[in-house]
Amino acid sequence: QVTLVESGGDSVQAGGSLRLPCVASGSTYDTVCIGWFRQAPGKERDWVASISQTSAGWYYADSVQGRAYISQSSNTVYLELNSLKPGDTGMYYCAAHTGHRNTYCGHLRAAYQYNYWGRGTQVTVSS
């Protein structure tokens, strides 16, 4: 069992920045990828970025490429979002994939591919 807790969500003006931490605890030794997703009201949960737990790999959705930065310090994964746009508004979720240690995290871009989820943190960007 892996527990994930997100924080850092806020209401910001367009052009601003946020840094969202995700703290992982529990049986994290089986975790091979940690990803961030976001979901706007009435829309599907979309992949934003992910980081490998077994190799040096970072992956970003086209919608945030060049504006997002995912990093990790011990058991905390950070998603930094810059030059925020109203379209970045949504609930941001952290998720963990447990599986084979050779899994290529860059291929894990769908919500169903992740086993554990946090409760999310709300980001609202106003123009």
# chains A, B, ... in the order shown; residues from 1 in each chain; ligands from 1
>>> select_by_dssp(residues="range 31-108 of chain A", states="strand (DSSP E or B)", output="ChimeraX atom specification")
/A:31-39,45-52,58-60,68-73,76-81,90-98
>>> residues_around(residues="Ala56 in chain A", least_positions_apart="5", cutoff="12 Å", atoms="only C-alpha atoms", output="JSON list (two decimals) with N, CA and C atoms, in the first residue's frame")
[["chain", "number", "residue", "atom", "x", "y", "z"],
["A", 32, "VAL", "N", 7.69, 2.25, -9.22],
["A", 32, "VAL", "CA", 8.66, 2.46, -10.30],
["A", 32, "VAL", "C", 8.45, 3.79, -11.03],
["A", 33, "CYS", "N", 7.24, 4.35, -10.96],
["A", 33, "CYS", "CA", 6.97, 5.65, -11.60],
["A", 33, "CYS", "C", 6.03, 6.44, -10.70],
["A", 50, "SER", "N", 5.75, 12.84, -15.34],
["A", 50, "SER", "CA", 6.10, 11.70, -14.50],
["A", 50, "SER", "C", 7.60, 11.60, -14.33],
["A", 51, "ILE", "N", 7.99, 10.87, -13.30],
["A", 51, "ILE", "CA", 9.40, 10.70, -12.99],
["A", 51, "ILE", "C", 9.64, 9.25, -12.62],
["A", 70, "ILE", "N", 9.58, 18.54, -13.09],
["A", 70, "ILE", "CA", 9.32, 17.54, -12.06],
["A", 70, "ILE", "C", 10.64, 17.13, -11.44],
["A", 71, "SER", "N", 10.66, 17.04, -10.12],
["A", 71, "SER", "CA", 11.88, 16.69, -9.41],
["A", 71, "SER", "C", 11.53, 15.88, -8.18],
["A", 72, "GLN", "N", 12.58, 15.37, -7.52],
["A", 72, "GLN", "CA", 12.32, 14.53, -6.34],
["A", 72, "GLN", "C", 13.41, 14.75, -5.31],
["A", 104, "TYR", "N", 9.15, 1.51, -18.56],
["A", 104, "TYR", "CA", 9.51, 2.82, -19.11],
["A", 104, "TYR", "C", 8.40, 3.79, -18.75],
["A", 105, "CYS", "N", 8.69, 4.69, -17.82],
["A", 105, "CYS", "CA", 7.66, 5.58, -17.31],
["A", 105, "CYS", "C", 7.10, 6.52, -18.37],
["A", 106, "GLY", "N", 7.87, 6.79, -19.40],
["A", 106, "GLY", "CA", 7.39, 7.68, -20.45],
["A", 106, "GLY", "C", 6.18, 7.13, -21.19]]
>>> closest_residue(among="A:Ala61, A:Thr3, A:Tyr114, A:Tyr69", to="Thr28 in chain A", atoms="only C-alpha atoms")
A:Thr3
>>> select_by_dssp(residues="chain A", states="helix (DSSP H, G or I)", output="list of chain:residue names")
A:Thr28, A:Tyr29, A:Asp30, A:Pro86, A:Gly87, A:Asp88, A:Cys105, A:Gly106, A:His107, A:Ala111, A:Tyr112, A:Gln113
>>> write_last_selection(atoms="C-alpha atoms", output="PDB file, in the first residue's frame")
ATOM      1  CA  THR A  28       7.179   2.636  -1.744  1.00  0.00           C
ATOM      2  CA  TYR A  29       9.902   0.100  -2.584  1.00  0.00           C
ATOM      3  CA  ASP A  30       7.667  -1.330  -5.338  1.00  0.00           C
ATOM      4  CA  PRO A  86      -6.218  29.601 -17.191  1.00  0.00           C
ATOM      5  CA  GLY A  87      -6.176  26.281 -19.035  1.00  0.00           C
ATOM      6  CA  ASP A  88      -3.961  24.888 -16.272  1.00  0.00           C
ATOM      7  CA  CYS A 105       7.660   5.585 -17.307  1.00  0.00           C
ATOM      8  CA  GLY A 106       7.392   7.676 -20.454  1.00  0.00           C
ATOM      9  CA  HIS A 107       4.782   5.207 -21.730  1.00  0.00           C
ATOM     10  CA  ALA A 111      -4.807   7.125 -15.372  1.00  0.00           C
ATOM     11  CA  TYR A 112      -5.652   3.420 -15.425  1.00  0.00           C
ATOM     12  CA  GLN A 113      -1.934   2.585 -15.515  1.00  0.00           C
TER      13      GLN A 113
END
>>> closest_residue(among="A:Ala68, A:Ala49, A:Leu108, A:Val125", to="Cys94 in chain A", atoms="only C-alpha atoms")
A:Ala49
>>> residues_around(residues="Arg119 in chain A", least_positions_apart="2", cutoff="8 Å", atoms="only C-alpha atoms", output="list in words")
Leu4, Val5, Glu6, Tyr93, Trp117 and Thr121 of chain A
>>> write_last_selection(atoms="N, CA, C and O atoms", output="short mmCIF file (atom, residue, chain, number, x, y, z; two decimals), in the first residue's frame")
data_model
loop_
_atom_site.label_atom_id
_atom_site.label_comp_id
_atom_site.auth_asym_id
_atom_site.auth_seq_id
_atom_site.Cartn_x
_atom_site.Cartn_y
_atom_site.Cartn_z
N LEU A 4 -0.21 8.65 -0.87
CA LEU A 4 0.29 9.86 -1.52
C LEU A 4 -0.51 11.06 -1.03
O LEU A 4 -1.74 11.02 -0.99
N VAL A 5 0.19 12.11 -0.67
CA VAL A 5 -0.48 13.31 -0.19
C VAL A 5 0.06 14.52 -0.94
O VAL A 5 1.26 14.82 -0.86
N GLU A 6 -0.83 15.18 -1.67
CA GLU A 6 -0.46 16.37 -2.42
C GLU A 6 -0.79 17.63 -1.61
O GLU A 6 -1.67 17.63 -0.74
N TYR A 93 -3.49 15.69 -9.24
CA TYR A 93 -3.34 14.45 -8.51
C TYR A 93 -1.96 13.86 -8.72
O TYR A 93 -1.42 13.89 -9.83
N TRP A 117 -3.35 6.61 -5.75
CA TRP A 117 -3.66 8.00 -6.01
C TRP A 117 -3.77 8.79 -4.71
O TRP A 117 -4.22 8.27 -3.68
N THR A 121 -4.96 18.31 -5.15
CA THR A 121 -4.84 19.69 -4.66
C THR A 121 -5.31 20.61 -5.79
O THR A 121 -4.96 20.41 -6.95
#
>>> closest_residue(among="A:Lys85, A:Thr54, A:Thr103, A:Ser7", to="Ala24 in chain A", atoms="only C-alpha atoms")
A:Ser7
>>> residues_around(residues="Thr124 in chain A", least_positions_apart="5", cutoff="7 Å", atoms="only C-alpha atoms", output="PDB file with N, CA and C atoms, in the first residue's frame")
ATOM      1  N   ASP A  10      -3.294  26.421  -5.180  1.00  0.00           N
ATOM      2  CA  ASP A  10      -3.645  27.801  -4.807  1.00  0.00           C
ATOM      3  C   ASP A  10      -4.380  28.451  -5.968  1.00  0.00           C
ATOM      4  N   SER A  11      -4.907  29.640  -5.716  1.00  0.00           N
ATOM      5  CA  SER A  11      -5.478  30.483  -6.766  1.00  0.00           C
ATOM      6  C   SER A  11      -4.448  31.531  -7.130  1.00  0.00           C
ATOM      7  N   VAL A  12      -4.066  31.564  -8.404  1.00  0.00           N
ATOM      8  CA  VAL A  12      -3.015  32.467  -8.848  1.00  0.00           C
ATOM      9  C   VAL A  12      -3.430  33.184 -10.122  1.00  0.00           C
ATOM     10  N   THR A  89      -5.969  25.296 -14.980  1.00  0.00           N
ATOM     11  CA  THR A  89      -6.871  25.142 -13.845  1.00  0.00           C
ATOM     12  C   THR A  89      -7.384  23.716 -13.735  1.00  0.00           C
ATOM     13  N   GLY A  90      -7.411  23.192 -12.519  1.00  0.00           N
ATOM     14  CA  GLY A  90      -7.939  21.857 -12.290  1.00  0.00           C
ATOM     15  C   GLY A  90      -7.462  21.294 -10.973  1.00  0.00           C
TER      16      GLY A  90
END
>>> residues_around(residues="Gln39 in chain A", least_positions_apart="5", cutoff="7 Å", atoms="only C-alpha atoms", output="list of chain:residue names")
A:Glu44, A:Arg45, A:Asp46, A:Gly90, A:Met91, A:Tyr92
>>> closest_residue(among="A:Val48, A:Cys22, A:Pro41, A:Gly9", to="Ser74 in chain A", atoms="only C-alpha atoms")
A:Cys22
>>> atom_distance(atom1="CA of Arg38 in chain A", atom2="CA of Asn102 in chain A")
25.8 Å
>>> atom_distance(atom1="CA of Ala40 in chain A", atom2="CA of Tyr78 in chain A")
20.2 Å
>>> decode(residues="range 66-79 of chain A", atoms="all heavy atoms", output="short mmCIF file (atom, residue, chain, number, x, y, z; two decimals), in the first residue's frame")
data_model
loop_
_atom_site.label_atom_id
_atom_site.label_comp_id
_atom_site.auth_asym_id
_atom_site.auth_seq_id
_atom_site.Cartn_x
_atom_site.Cartn_y
_atom_site.Cartn_z
N GLY A 66 8.24 22.71 -21.34
CA GLY A 66 8.90 24.00 -21.26
C GLY A 66 8.40 24.87 -20.13
O GLY A 66 9.02 25.90 -19.80
N ARG A 67 7.26 24.50 -19.51
CA ARG A 67 6.71 25.28 -18.40
C ARG A 67 6.69 24.49 -17.10
O ARG A 67 6.45 25.06 -16.04
CB ARG A 67 5.28 25.71 -18.72
CG ARG A 67 5.12 26.57 -19.95
CD ARG A 67 3.71 27.16 -20.03
NE ARG A 67 2.69 26.14 -20.19
CZ ARG A 67 1.71 25.95 -19.33
NH1 ARG A 67 1.61 26.68 -18.23
NH2 ARG A 67 0.79 25.01 -19.56
N ALA A 68 6.89 23.19 -17.19
CA ALA A 68 6.81 22.33 -16.00
C ALA A 68 8.16 21.70 -15.72
O ALA A 68 8.97 21.47 -16.63
CB ALA A 68 5.76 21.24 -16.22
N TYR A 69 8.36 21.42 -14.43
CA TYR A 69 9.60 20.79 -14.02
C TYR A 69 9.27 19.83 -12.89
O TYR A 69 8.70 20.23 -11.88
CB TYR A 69 10.60 21.85 -13.55
CG TYR A 69 11.90 21.31 -13.03
CD1 TYR A 69 12.74 20.58 -13.86
CD2 TYR A 69 12.29 21.54 -11.71
CE1 TYR A 69 13.94 20.08 -13.37
CE2 TYR A 69 13.48 21.04 -11.23
CZ TYR A 69 14.31 20.31 -12.07
OH TYR A 69 15.49 19.82 -11.59
N ILE A 70 9.58 18.54 -13.09
CA ILE A 70 9.32 17.54 -12.06
C ILE A 70 10.64 17.13 -11.44
O ILE A 70 11.63 16.93 -12.14
CB ILE A 70 8.54 16.33 -12.64
CG1 ILE A 70 8.03 15.42 -11.52
CG2 ILE A 70 9.37 15.57 -13.66
CD1 ILE A 70 7.03 14.37 -12.01
N SER A 71 10.66 17.04 -10.12
CA SER A 71 11.88 16.69 -9.41
C SER A 71 11.53 15.88 -8.18
O SER A 71 10.35 15.73 -7.83
CB SER A 71 12.65 17.96 -9.02
OG SER A 71 11.87 18.75 -8.14
N GLN A 72 12.58 15.37 -7.52
CA GLN A 72 12.32 14.53 -6.34
C GLN A 72 13.41 14.75 -5.31
O GLN A 72 14.59 14.87 -5.64
CB GLN A 72 12.29 13.06 -6.74
CG GLN A 72 11.95 12.13 -5.58
CD GLN A 72 11.53 10.77 -6.05
OE1 GLN A 72 11.46 10.49 -7.25
NE2 GLN A 72 11.22 9.87 -5.13
N SER A 73 13.00 14.75 -4.05
CA SER A 73 13.92 14.81 -2.93
C SER A 73 13.41 13.81 -1.90
O SER A 73 12.35 13.98 -1.31
CB SER A 73 13.96 16.21 -2.32
OG SER A 73 14.79 16.23 -1.17
N SER A 74 14.16 12.73 -1.74
CA SER A 74 13.77 11.66 -0.84
C SER A 74 12.39 11.14 -1.24
O SER A 74 12.20 10.71 -2.38
CB SER A 74 13.78 12.17 0.61
OG SER A 74 13.52 11.11 1.50
N ASN A 75 11.42 11.18 -0.36
CA ASN A 75 10.11 10.62 -0.67
C ASN A 75 9.10 11.65 -1.15
O ASN A 75 7.90 11.40 -1.17
CB ASN A 75 9.55 9.92 0.58
CG ASN A 75 9.28 10.90 1.71
OD1 ASN A 75 9.95 11.92 1.82
ND2 ASN A 75 8.30 10.60 2.54
N THR A 76 9.58 12.81 -1.57
CA THR A 76 8.69 13.87 -2.05
C THR A 76 8.99 14.18 -3.51
O THR A 76 10.13 14.45 -3.88
CB THR A 76 8.86 15.14 -1.21
OG1 THR A 76 8.57 14.84 0.16
CG2 THR A 76 7.89 16.22 -1.69
N VAL A 77 7.94 14.13 -4.33
CA VAL A 77 8.05 14.49 -5.75
C VAL A 77 7.39 15.86 -5.92
O VAL A 77 6.26 16.07 -5.47
CB VAL A 77 7.36 13.45 -6.64
CG1 VAL A 77 7.31 13.93 -8.09
CG2 VAL A 77 8.08 12.12 -6.55
N TYR A 78 8.09 16.76 -6.58
CA TYR A 78 7.61 18.12 -6.78
C TYR A 78 7.24 18.34 -8.24
O TYR A 78 7.97 17.93 -9.15
CB TYR A 78 8.69 19.13 -6.40
CG TYR A 78 9.13 19.07 -4.96
CD1 TYR A 78 10.22 18.30 -4.59
CD2 TYR A 78 8.45 19.78 -3.98
CE1 TYR A 78 10.63 18.23 -3.27
CE2 TYR A 78 8.86 19.72 -2.65
CZ TYR A 78 9.95 18.95 -2.31
OH TYR A 78 10.36 18.89 -1.00
N LEU A 79 6.12 19.03 -8.45
CA LEU A 79 5.77 19.50 -9.79
C LEU A 79 5.75 21.02 -9.73
O LEU A 79 4.96 21.62 -9.02
CB LEU A 79 4.40 18.98 -10.22
CG LEU A 79 3.93 19.49 -11.58
CD1 LEU A 79 4.81 18.91 -12.69
CD2 LEU A 79 2.47 19.14 -11.83
#
